[in-house]
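These notes are about the structure you will find just below.
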Amino acid sequence: MDRTDLQRLSKDELIELVIQLQRPDKTSRTSSKPPSTDKKEKRENSRPGGAKPGHEPRNRRLADNPDDFRDHRPTHCELCGGSVSPDADMELIGEYDEIEIPPVKPYVVRHRRFACRCAHCGAGVKAPAPAVATQTPFGPRIHALAIYWQGLSSAFLRASALHVPRRFRPDRKRGRR
């Protein structure tokens with residue numbers, strides 16, 4: 001804003017501009033803003049963040065035996081837009097590992113019970129029922145995992161109950177709020 005712009009302003013606009021210029025910037029000391037919103041002061045001779053000049057980069061070592069390879073080849077020239085032949089001589093310019101935990105797949109054992117006729121007397125003979133036929137089909141690892149999750153959820157509920165006001169907590173004796 002130069003002198004001619006200021007001359008065009010009305011008296012009320014000039015007064016508002018002067019008041020605005022006299023107000024200090026809002027900081028955590030002059031308003032209710034949190035300290036994290038304050039601008040940091042520049043220090044003399046301070047370097048910008050990040051790696052410093054001459055620092056050797058440290059990258060994660062590539063896996064010795066990757067399970068799969070996915071090749072990324074250029075399909076067109078970024079300069080002229082021409083297509084690149086899949087048979088063109090390619091040079092490997094970078095390798096990167098993507099590490100992922102494989103999906104958990106349940107291990108299912110199908111118990112099969114057979115029956116037959118006795119070759120001596122002709123009576124029907126049945127194999128005894130396996131324990132899984134009369135009990136839960138879930139193995140000890142699944143039971144352990146369910147108990148672990150139950151413990152986690154109980155701990156979460158206990159921790160969250162500390163932050164819930166008493167009037168919102170259920171009354172254990174009456175089952176009401």
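Ligands are numbered from 1 in the order shown, residues from 1 within each chain, and chains are lettered A, B, ... in the order they appear in the structure tokens.
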
Quick one: residues within 12 Å of range 68-82 of chain A, only C-alpha atoms counted, chain neighbours fewer than 3 positions away excluded, as a PyMOL selection string?
chain A and resi 63-65+85-100

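For range 38-146 of chain A, a DSSP pass over the backbone yields strand (DSSP E) at A:Ala115, A:Cys116, A:Arg117, A:Gly124, A:Val125, A:Lys126.
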
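Taking CA of Tyr148 in chain A as the reference point, CA of Gln135 in chain A is found at 21.0 Å.
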
So which one's closest to Lys126 in chain A, A:Arg113, A:Lys33, A:Lys105, A:Lys11? Using only C-alpha atoms, please.
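Closest to Lys126 in chain A of all the choices is A:Arg113.
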